Each structure stands twice: as structure tokens, then as C-alpha cells.
Amino acid sequence: MNVRRNIGWLIPLLFIGLFPVTLGRISPYYNTVLILVGIYVILAVSLDLLIGFAGQISVGHAAFYAIGAYTSGILTAKHGISPFVALLCGLFASGLVAWGIGRAVLRLKGYYLAMATLGLNAVIVKLITCLASITGGASGLLNIPPFRIFGLTFQDHTYYYYCVWGAVVLVISCCLALAKSPFGTALIAIHSDEEAAGTLGIDCPKYKLHVFVISSMLAGVAGSLFAHFMGFIAPDDFDIFTSILVLVMLFLGGVGTIYGAALGAAFLKLLPEVTYRFQNYELFFHGLILILVLIFMPKGLLGILTHTKDWLFRTKYRSNASLKGTEP
Amino acid sequence: MIDRSALLQFLFSGITLGSVYALIAISLVIVYNVSRVLCFAQGEFFVFGALSMIALTSLGIPMPIGFVLTIVIVSGLGVVIERLLIRPVQKSSVGTVITMTVAISLCLRGLGLLIWGREAHTLPAFTSSKALSIFGAYLSVQVLWIIGAAGFVLLMIWLFFEKTLLGLSMRACAENRLGANLVGISVWKATLFAWAWGAALGALAGAVIAPLIFVRYISGTMPMLKGFTAIAIGGLTTVGSVIAGLLLGIMEAYTVGLISSEFADAIVFSVLILVLLGRSYGILGKTEDGGM
């Protein structure tokens with residue numbers, strides 16, 4: 001059945017892949033928007049691994065996004081290292097920081113964990129602001145070169161679109177594979193009941209640390225991609241609001257499903273394209289739409305899609321949600 | 001060498017900040033303990049308190065009446081939000097509830113933008129804008145109002161939760177919602193009152209500090225984060241978070257004065273992480289699951 005499910009999801013991917021081709025060269029503005037959507041999809045999906053599967057609430061995901069972006073940015077802008085190597089460095093730097101603090105932080109549970117990660121995010125952003133000689137401080141880091149790999153420079157945003165969405169597809173497939181592996185099953189067990197999982201021989205601290213590191217590394221990749229795309233990064237891009245935004249994307253789309261996170265990210269990033277017309281009313285309508293979605297669609301946006309699919313194809317009685325057990 | 005009067009000056013500003021943080025922290029704690037919701041919209045109650053107070057005063061309403069009206073309006077807002085928006089999602093996962101409070105905060109911020117615009121507002125001092133001179137340090141009269149209001153409210157809260165039936169039933173809900181329900185306490189009523197208290201205390205904090213700061217529609221975030229820090233350090237208890245809020249304010253004032261204003265927030269949040277980690281290692285007492 002898994003093959004069938006995956007074929008269904010190839011259609012949107014194909015659509016995304018052919019999008020610039022079919023519509024000719026899409027306007028640079030929408031190209032930019034769609035690249036940012038892709039970056040946020042990576043962030044939300046990586047956070048879903050941590051929250052949806054392992055059940056560890058983090059409100060500080062942007063901290064690792066920042067570490068990835070700044071490692072990549074500083075290495076390329078100030079030391080002239082090739083962007084691809086810098087991306088890998090950013091990935092490892094995020095992972096390393098997560099590894100260093102993970103074991104201690106992940107001992108916390110629930111709201112305490114949420115507040116500790118929130119604090120972590122605030123500290124990282126403040127450190128970036130304070131260490132102005134290295135990071136450029138509050139005014140930001142300039143002159144980050146565009147992404148380059150095997151001598152191929154992604155100066156043109158249409159090509160960078162493919163680069164980012166290629167990364168998105170890679171990240172989503174990795175997360176899905178991870179979710180279906182024994183590792184993912186162990187995470188779901190930890191999510192359901194940590195003590196029970198422990199009695200079954202699952203080394204909970206180790207698994208939690210591993211998923212934290214993986215999720216942070218993916219956030220680091222998103223950060224690098226963002227830095228090379230923008231060419232300029234400032235601490236404001238990575239503050240607590242970014243973390244909260246990613247959290248909102250995740251719960252809006254549907255938690256513990258990977259696709260839900262991607263859907264939520266796309267929805268929330270594209271929503272301002274509609275609400276900006278309201279000018280001063282924008283913020284209000286933005287909040288109102290979120291509230292309506294949360295009240296009337298408790299399973300998130302993906303819940304609506306699966307419900308519609310069930311209704312259309314009458315597959316209601318088949319157990320079609322292989323990840324059902326992950327819903328909190 | 002910094003002289004003694006400067007040190008005293010930092011203490012005064014620390015206590016001022018600390019009183020506001022303590023009020024916000026206690027509003028967060030009451031809402032959290034009774035309804036198990038950590039409200040990310042608490043900063044907006046603070047902003048609405050300050051801005052409604054300013055708006056009512058500029059309409060020519062006398063300050064004491066404006067003050068009472070502000071508290072009533074904002075606590076009414078809290079009640080409406082609880083009943084209409086929080087209760088439908090209360091049974092969902094914690095993440096959904098957090099997302100809902102974030103959505104509410106966006107909505108309120110948008111509303112604030114529509115009502116008060118993008119510019120910053122401030123308020124004349126309650127009584128006199130003069131400053132008292134104590135041992136060479138200056139203490140504005142408004143600070144006495146802030147400290148007095150905080151002290152008075154803490155006393156009221158203590159009386160309410162110790163002496164009245166409603167207060168006791170709310171404490172019972174904080175202990176165990178199911179158990180409270182079984183002995184005939186209306187959990188929903190307690191929750192509603194907790195939100196009314198929470199919103200009112202947030203508004204009070206905003207209203208009393210309004211003469212000393214400039215308030216914009218987005219000013220609520222930092223006070224809210226400091227409130228989170230205070231309740232995390234105080235262990236989600238009322239007394240603990242009041243003390244933590246005061247200490248936080250004093251620490252911040254001394255860091256700004258003696259080291260640098262840039263590092264103040266970094267130090268505050270580092271303390272938060274260290275305290276939480278200490279808690280997780282069992283230094284500061286029992287480990288709690290944070291209600292999730």
C-alpha cells in the first residue's frame with residue numbers, strides 16, 4: 001500500500017518540479033516567495049520529527065536555523081570557503097551544538113522544555129547581536145556569495161528554486177524513511193509513554209538526543225540555503241517569532257505526518273500574499289484565519305485533505321493512516 | 001568605581017521593572033495553574049492595558065475611573081477569549097493550544113494596530129511627575145504607584161485564594177481538575193475566572209508602567225518573555241514567580257547599569273536555561289512534568 005500512497009504524492013512534487021518550466025519563467029517575485037516556502041518546509045518538517053514523532057516540544061528551532069545560516073555566511077563571506085563545504089559545516093555546527101546541549105535540555109519535559117528552548121533561542125540571537133566583530137551584529141552580515149556546487153553557480157533564482165526544492169524532496173523522503181524505520185517506531189513509543197518505552201529496552205535519552213541532533217542539522221541546512229539565497233542575514237531573521245512561526249506551521253498543517261508540516265509551511269508562507277491587500281488589517285486577518293482553522297479544523301489542514309480523499313474514494317474503512325498512532 | 005547613589009538608582013529601577021515582571025508572571029501562573037494553558041497572548045493584555053488607559057485618559061476621563069474601566073474592559077476581553085476561543089481547543093494537544101494562543105496574540109496585535117496605529121504612546125504620571133531624592137538617587141513618584149499597586153494586588157490575590165470559596169475552588173482545580181470536578185466544583189467557572197484574573201493583572205501591569213515607557217502595539221513581547229522566565233525560575237508557583245520576577249528585574253537593572261544593556265537579555269535568558277537545567281538535575285527540588 002505504501003507504494004500507492006507514495007505515487008499519490010508524486011503528483012504535487014512533479015507539479016513543483018515542472019512549475020517554472022510549464023509557466024515559462026515565473027516572475028522573480030513569486031520565484032523568491034516559492035524559494036522561501038521551500039526553506040520553511042524544511043524547517044517545519046525537521047521540527048515535526050522532534051515534536052510530532054518524539055513528542056519533545058521545542059520553541060527554539062530558529063536557534064539552529066541561525067547557527068546554520070551564520071556558519072555558512074561567515075565561512076563564505078569572510079574566509080572565502082566554497083558554499084557547499086560551508087553548508088556542510090553549517091550542518092555539522094548545528095548538530096554539534098544540539099549534541100552539546102541536547103542531553104541536558106532534553107531531560108526537561110513539557111512546558112519546561114518549551115521554555116528552555118525559547119530561552120536558548122533568545123540567548124543565541126543575543127550572542128549573535130553582541131559578537132558584532134564576527135557576525136556583523138545587529139546590522140547583519142553582508143556579501144554572502146550565492147550557492148555554488150561543482151563549479152555551478154546558482155546566481156539565477158530559477159536554478160536556485162530547483163536547488164532548494166531538490167533539498168526539500170530529499171529532506172521529506174529522509175524524514176519519511178526515518179519515520180518508518182525502527183528508529184521512528186522507537187520515537188513514537190517514547191512519545192506515547194517514555195517510561196513504558198524505557199521498560200521495553202529503548203534507551204530514551206539516546207533516542208531523544210539523536211532525533212534532536214538530526215532535526216537541528218536539517219534546520220542548519222535550511223539556514224545555509226537561506227543565507228546563500230538572501231546574500232544578507234540579520235539576527236532578526238532568526239528570533240523567537242521565527243521559532244513560533246515554524247511551530248504554528250507545524251500544528252496548522254497537522255502534527256506527526258511530515259506532509260502536514262510541509263502543507264502548513266506552504267499555507268502560512270503564502271497567506272500574506274492574500275492578506276497583504278488588507279494593509280493595516282493584515283495582521284488581524286492573519287490571526288483570524290489561524291483561529292478559524294484551529295477551531296473548525298482540529299486535525300489541521302492535512303486532516304481536511306485526507307478526509308476529502310476518504311469521502312471521494314470511500315476508503316473510510318481501510319486503515320489508511322499508517323502514521324495514525326503518532327497523533328498526540 | 002561606581003558610587004553608592006548609582007547603585008541605589010539601579011536598585012530602584014530594578015524594583016520597578018521587577019514589579020511589572022512579577023505582575024505578568026503571576027497572571028501567567030494563575031492562568032496556567034487553573035487551565036493548564038501557557039498563554040502566549042499575555043503580552044497583548046499588557047499592551048491593551050497600557051493603551052486603553054492612555055486612550056481613556058485622552059478622552060478626558062479622570063484617571064482613577066479610566067484605570068478601573070481599563071481593568072474591567074481587558075478582563076472582559078480575557079473572559080470572551082477563554083469562552084470563545086480557548087475552550088473549543090482545550091481538549092486538543094498542547095501544541096494546538098499554544099498555536100491558538102499565538103493566533104489570538106496575532107489577532108489582538110492586529111486589533112491594537114487598527115485602534116492605536118503604529119506610533120508609540122505614553123501617559124502623564126498618575127499624580128506628580130516629580131522625583132524624590134533619596135541618598136542621591138532619584139525615585140519617581142510613579143514608581144511608588146507601581147510598587148504600591150503590585151503590593152496591593154498581591155495582597156488581594158492572597159486574600160482571594162485563601163479566604164474566598166471561589167478562590168479555594170480555583171486552587172482545587174489547579175491541584176487536580178478531575179478531582180475538583182468530582183467534588184462538585186465547576187471547573188469551567190474556575191477557568192473563566194482564572195482568565196479574568198490573568199487578563200486583569202496583565203492590564204494592570206501595563207496601566208501602571210504606561211507613564212514610564214512608550215507603548216506600541218507590538219510592545220508586549222519582551223515583558224511576556226520575561227514573565228515566562230520568571231515563572232520558569234519560580235517553578236510555576238505564585239510566590240516563587242513573584243520573587244523570581246523581582247529578582248529578574250533587579251538583575252536586569254544592574255546588568256544594564258554595570259555591564260552593558262546589550263548583554264542584559266542574554267544574561268537573563270542564560271539564567272533561565274541554567275535554572276531549568278538545575279531543576280532537571282534535581283537541585284531545586286522535585287522535577288515536574290510541566291503538565292504535558
# chains A, B, ... in the order shown; residues from 1 in each chain; ligands from 1
$ interface_residues --of "chain A" --to "chain B" --cutoff "7 Å" --atoms "only C-alpha atoms" --output "list in words"
Ala104, Val105, Arg107, Leu108, Lys109, Gly110, Tyr111, Tyr112, Ala116, Gly119, Leu120, Ala122, Val123, Lys126, Leu127, Cys130, Val248, Phe251, Asn280, Tyr281, Leu283, Phe284, Gly287, Leu288, Leu290, Ile291, Leu294, Ile295 and Pro328 of chain A
$ residues_around --residues "Phe267 (chain A)" --least-positions-apart "4" --cutoff "8 Å" --atoms "only C-alpha atoms" --output "list in words"
Met249, Leu263 and Leu271 of chain A
$ residues_around --residues "region 67-83 of chain B" --least-positions-apart "2" --cutoff "8 Å" --atoms "only C-alpha atoms" --output "short mmCIF file (atom, residue, chain, number, x, y, z; two decimals) with N, CA, C and O atoms, in the first residue's frame"
data_model
loop_
_atom_site.label_atom_id
_atom_site.label_comp_id
_atom_site.auth_asym_id
_atom_site.auth_seq_id
_atom_site.Cartn_x
_atom_site.Cartn_y
_atom_site.Cartn_z
N PHE B 45 -2.35 41.51 26.55
CA PHE B 45 -3.16 42.07 27.63
C PHE B 45 -2.43 43.26 28.27
O PHE B 45 -3.03 44.28 28.61
N PHE B 48 -2.72 46.09 25.80
CA PHE B 48 -4.08 46.62 25.80
C PHE B 48 -4.36 47.41 27.08
O PHE B 48 -5.06 48.42 27.05
N GLY B 49 -3.80 46.93 28.21
CA GLY B 49 -3.96 47.67 29.45
C GLY B 49 -3.37 49.06 29.34
O GLY B 49 -4.03 50.06 29.64
N SER B 52 -5.29 51.17 26.42
CA SER B 52 -6.66 51.59 26.74
C SER B 52 -6.63 52.69 27.79
O SER B 52 -7.41 53.64 27.73
N MET B 53 -5.72 52.53 28.75
CA MET B 53 -5.58 53.55 29.79
C MET B 53 -5.25 54.91 29.14
O MET B 53 -5.86 55.93 29.46
N LEU B 56 -8.37 56.17 27.16
CA LEU B 56 -9.45 56.66 28.02
C LEU B 56 -9.07 58.00 28.64
O LEU B 56 -9.91 58.90 28.73
N MET B 63 -8.41 59.92 35.67
CA MET B 63 -7.53 58.76 35.70
C MET B 63 -8.01 57.58 36.54
O MET B 63 -7.93 56.45 36.08
N PRO B 64 -8.52 57.82 37.76
CA PRO B 64 -8.94 56.66 38.55
C PRO B 64 -10.05 55.86 37.86
O PRO B 64 -10.00 54.63 37.82
N ILE B 65 -11.03 56.59 37.25
CA ILE B 65 -12.12 55.90 36.57
C ILE B 65 -11.59 55.17 35.34
O ILE B 65 -11.92 54.01 35.08
N LEU B 85 -12.62 31.08 22.32
CA LEU B 85 -11.51 30.61 21.52
C LEU B 85 -10.70 29.50 22.19
O LEU B 85 -10.25 28.57 21.52
N ILE B 86 -10.49 29.60 23.49
CA ILE B 86 -9.64 28.59 24.14
C ILE B 86 -10.44 27.32 24.41
O ILE B 86 -9.96 26.22 24.18
N ARG B 87 -11.67 27.49 24.88
CA ARG B 87 -12.43 26.30 25.29
C ARG B 87 -12.63 25.29 24.17
O ARG B 87 -12.52 24.09 24.39
N LEU B 192 -12.75 30.25 33.75
CA LEU B 192 -13.17 31.57 33.29
C LEU B 192 -12.64 32.65 34.21
O LEU B 192 -12.10 33.67 33.77
N PHE B 193 -12.76 32.42 35.53
CA PHE B 193 -12.27 33.42 36.48
C PHE B 193 -10.76 33.55 36.42
O PHE B 193 -10.22 34.64 36.58
N TRP B 195 -8.93 33.27 33.79
CA TRP B 195 -8.60 34.11 32.64
C TRP B 195 -8.93 35.56 32.93
O TRP B 195 -8.20 36.46 32.49
N ALA B 196 -10.03 35.79 33.65
CA ALA B 196 -10.37 37.17 34.01
C ALA B 196 -9.26 37.75 34.87
O ALA B 196 -8.78 38.87 34.62
N TRP B 197 -8.80 37.00 35.87
CA TRP B 197 -7.69 37.44 36.71
C TRP B 197 -6.44 37.68 35.87
O TRP B 197 -5.77 38.70 36.01
N GLY B 198 -6.13 36.72 35.02
CA GLY B 198 -4.91 36.81 34.22
C GLY B 198 -4.90 38.06 33.36
O GLY B 198 -3.93 38.82 33.35
N ALA B 199 -6.01 38.28 32.64
CA ALA B 199 -6.08 39.45 31.77
C ALA B 199 -6.03 40.73 32.59
O ALA B 199 -5.33 41.68 32.23
N ALA B 200 -6.74 40.74 33.73
CA ALA B 200 -6.78 41.95 34.55
C ALA B 200 -5.38 42.28 35.08
O ALA B 200 -4.97 43.44 35.08
N LEU B 201 -4.64 41.26 35.53
CA LEU B 201 -3.31 41.53 36.07
C LEU B 201 -2.35 42.00 34.99
O LEU B 201 -1.54 42.90 35.22
N ALA B 203 -3.23 43.67 32.34
CA ALA B 203 -3.64 45.03 32.04
C ALA B 203 -3.15 45.99 33.12
O ALA B 203 -2.69 47.10 32.83
N LEU B 204 -3.23 45.53 34.37
CA LEU B 204 -2.77 46.37 35.48
C LEU B 204 -1.29 46.70 35.32
O LEU B 204 -0.87 47.85 35.46
N ALA B 207 -0.98 49.25 32.66
CA ALA B 207 -1.51 50.56 33.01
C ALA B 207 -0.59 51.31 33.96
O ALA B 207 -0.39 52.51 33.81
#
$ select_by_dssp --residues "region 73-256 of chain A" --states "strand (DSSP E or B)" --output "list in words"
Leu141, Arg148, Ile149, Leu152, Thr153 and Ile233 of chain A
$ select_by_dssp --residues "region 51-103 of chain B" --states "helix (DSSP H, G or I)" --output "PyMOL selection string"
chain B and resi 51-58+63-89+94-103
$ atom_distance --atom1 "CA of Arg103 (chain A)" --atom2 "CA of Thr199 (chain A)"
19.7 Å
$ residues_around --residues "region 146-150 of chain A" --least-positions-apart "6" --cutoff "6 Å" --atoms "only C-alpha atoms" --output "VMD selection string"
chain A and resid 83 to 84 228
$ closest_atom_pairs --of "region 226-263 of chain B" --to "region 2-9 of chain B" --cutoff "12 Å" --atoms "only C-alpha atoms" --output "CSV"
residue,atom,partner,partner_atom,distance
B:Ile250,CA,B:Gln9,CA,10.7
B:Met251,CA,B:Leu7,CA,11.9
B:Ala253,CA,B:Gln9,CA,9.1
B:Tyr254,CA,B:Leu7,CA,7.8
B:Thr255,CA,B:Leu7,CA,11.2
B:Val256,CA,B:Leu7,CA,11.5
B:Gly257,CA,B:Leu7,CA,8.4
B:Leu258,CA,B:Ile2,CA,8.4
B:Ile259,CA,B:Ile2,CA,11.7
$ residues_around --residues "Gly60 (chain A)" --least-positions-apart "5" --cutoff "10 Å" --atoms "only C-alpha atoms" --output "JSON list (two decimals) with C-alpha atoms, in the first residue's frame"
[["chain", "number", "residue", "atom", "x", "y", "z"],
["A", 47, "LEU", "CA", 10.60, 20.20, 13.63],
["A", 65, "TYR", "CA", 18.46, 27.75, 11.73],
["A", 113, "LEU", "CA", 11.31, 22.11, 27.73],
["A", 114, "ALA", "CA", 9.37, 24.67, 25.71],
["A", 115, "MET", "CA", 10.64, 27.50, 27.91],
["A", 116, "ALA", "CA", 14.24, 26.24, 27.92],
["A", 117, "THR", "CA", 14.31, 26.07, 24.13],
["A", 118, "LEU", "CA", 12.71, 29.51, 23.96],
["A", 119, "GLY", "CA", 15.48, 30.78, 26.23],
["A", 120, "LEU", "CA", 18.10, 29.05, 24.10],
["A", 121, "ASN", "CA", 16.77, 30.82, 21.02],
["A", 122, "ALA", "CA", 16.89, 34.18, 22.80],
["A", 124, "ILE", "CA", 21.74, 32.57, 20.56],
["A", 238, "PHE", "CA", 16.14, 34.09, 13.50],
["A", 239, "ASP", "CA", 14.40, 35.46, 16.57],
["A", 240, "ILE", "CA", 11.75, 33.82, 18.71],
["A", 241, "PHE", "CA", 9.00, 34.83, 16.27],
["A", 242, "THR", "CA", 10.57, 32.63, 13.63],
["A", 243, "SER", "CA", 10.53, 29.69, 16.03],
["A", 244, "ILE", "CA", 6.93, 30.36, 16.94],
["A", 246, "VAL", "CA", 7.51, 27.31, 12.49],
["A", 247, "LEU", "CA", 5.65, 25.81, 15.44]]
$ atom_distance --atom1 "CA of Leu106 (chain A)" --atom2 "CA of Cys204 (chain A)"
10.1 Å
$ residues_around --residues "Ser219 (chain B)" --least-positions-apart "4" --cutoff "8 Å" --atoms "only C-alpha atoms" --output "list in words"
Gly43, Val47, Val215 and Pro223 of chain B
$ residues_around --residues "Gly202 (chain B)" --least-positions-apart "3" --cutoff "7 Å" --atoms "only C-alpha atoms" --output "PyMOL selection string"
chain B and resi 23-24+27+42+45-46+198-199+205-206
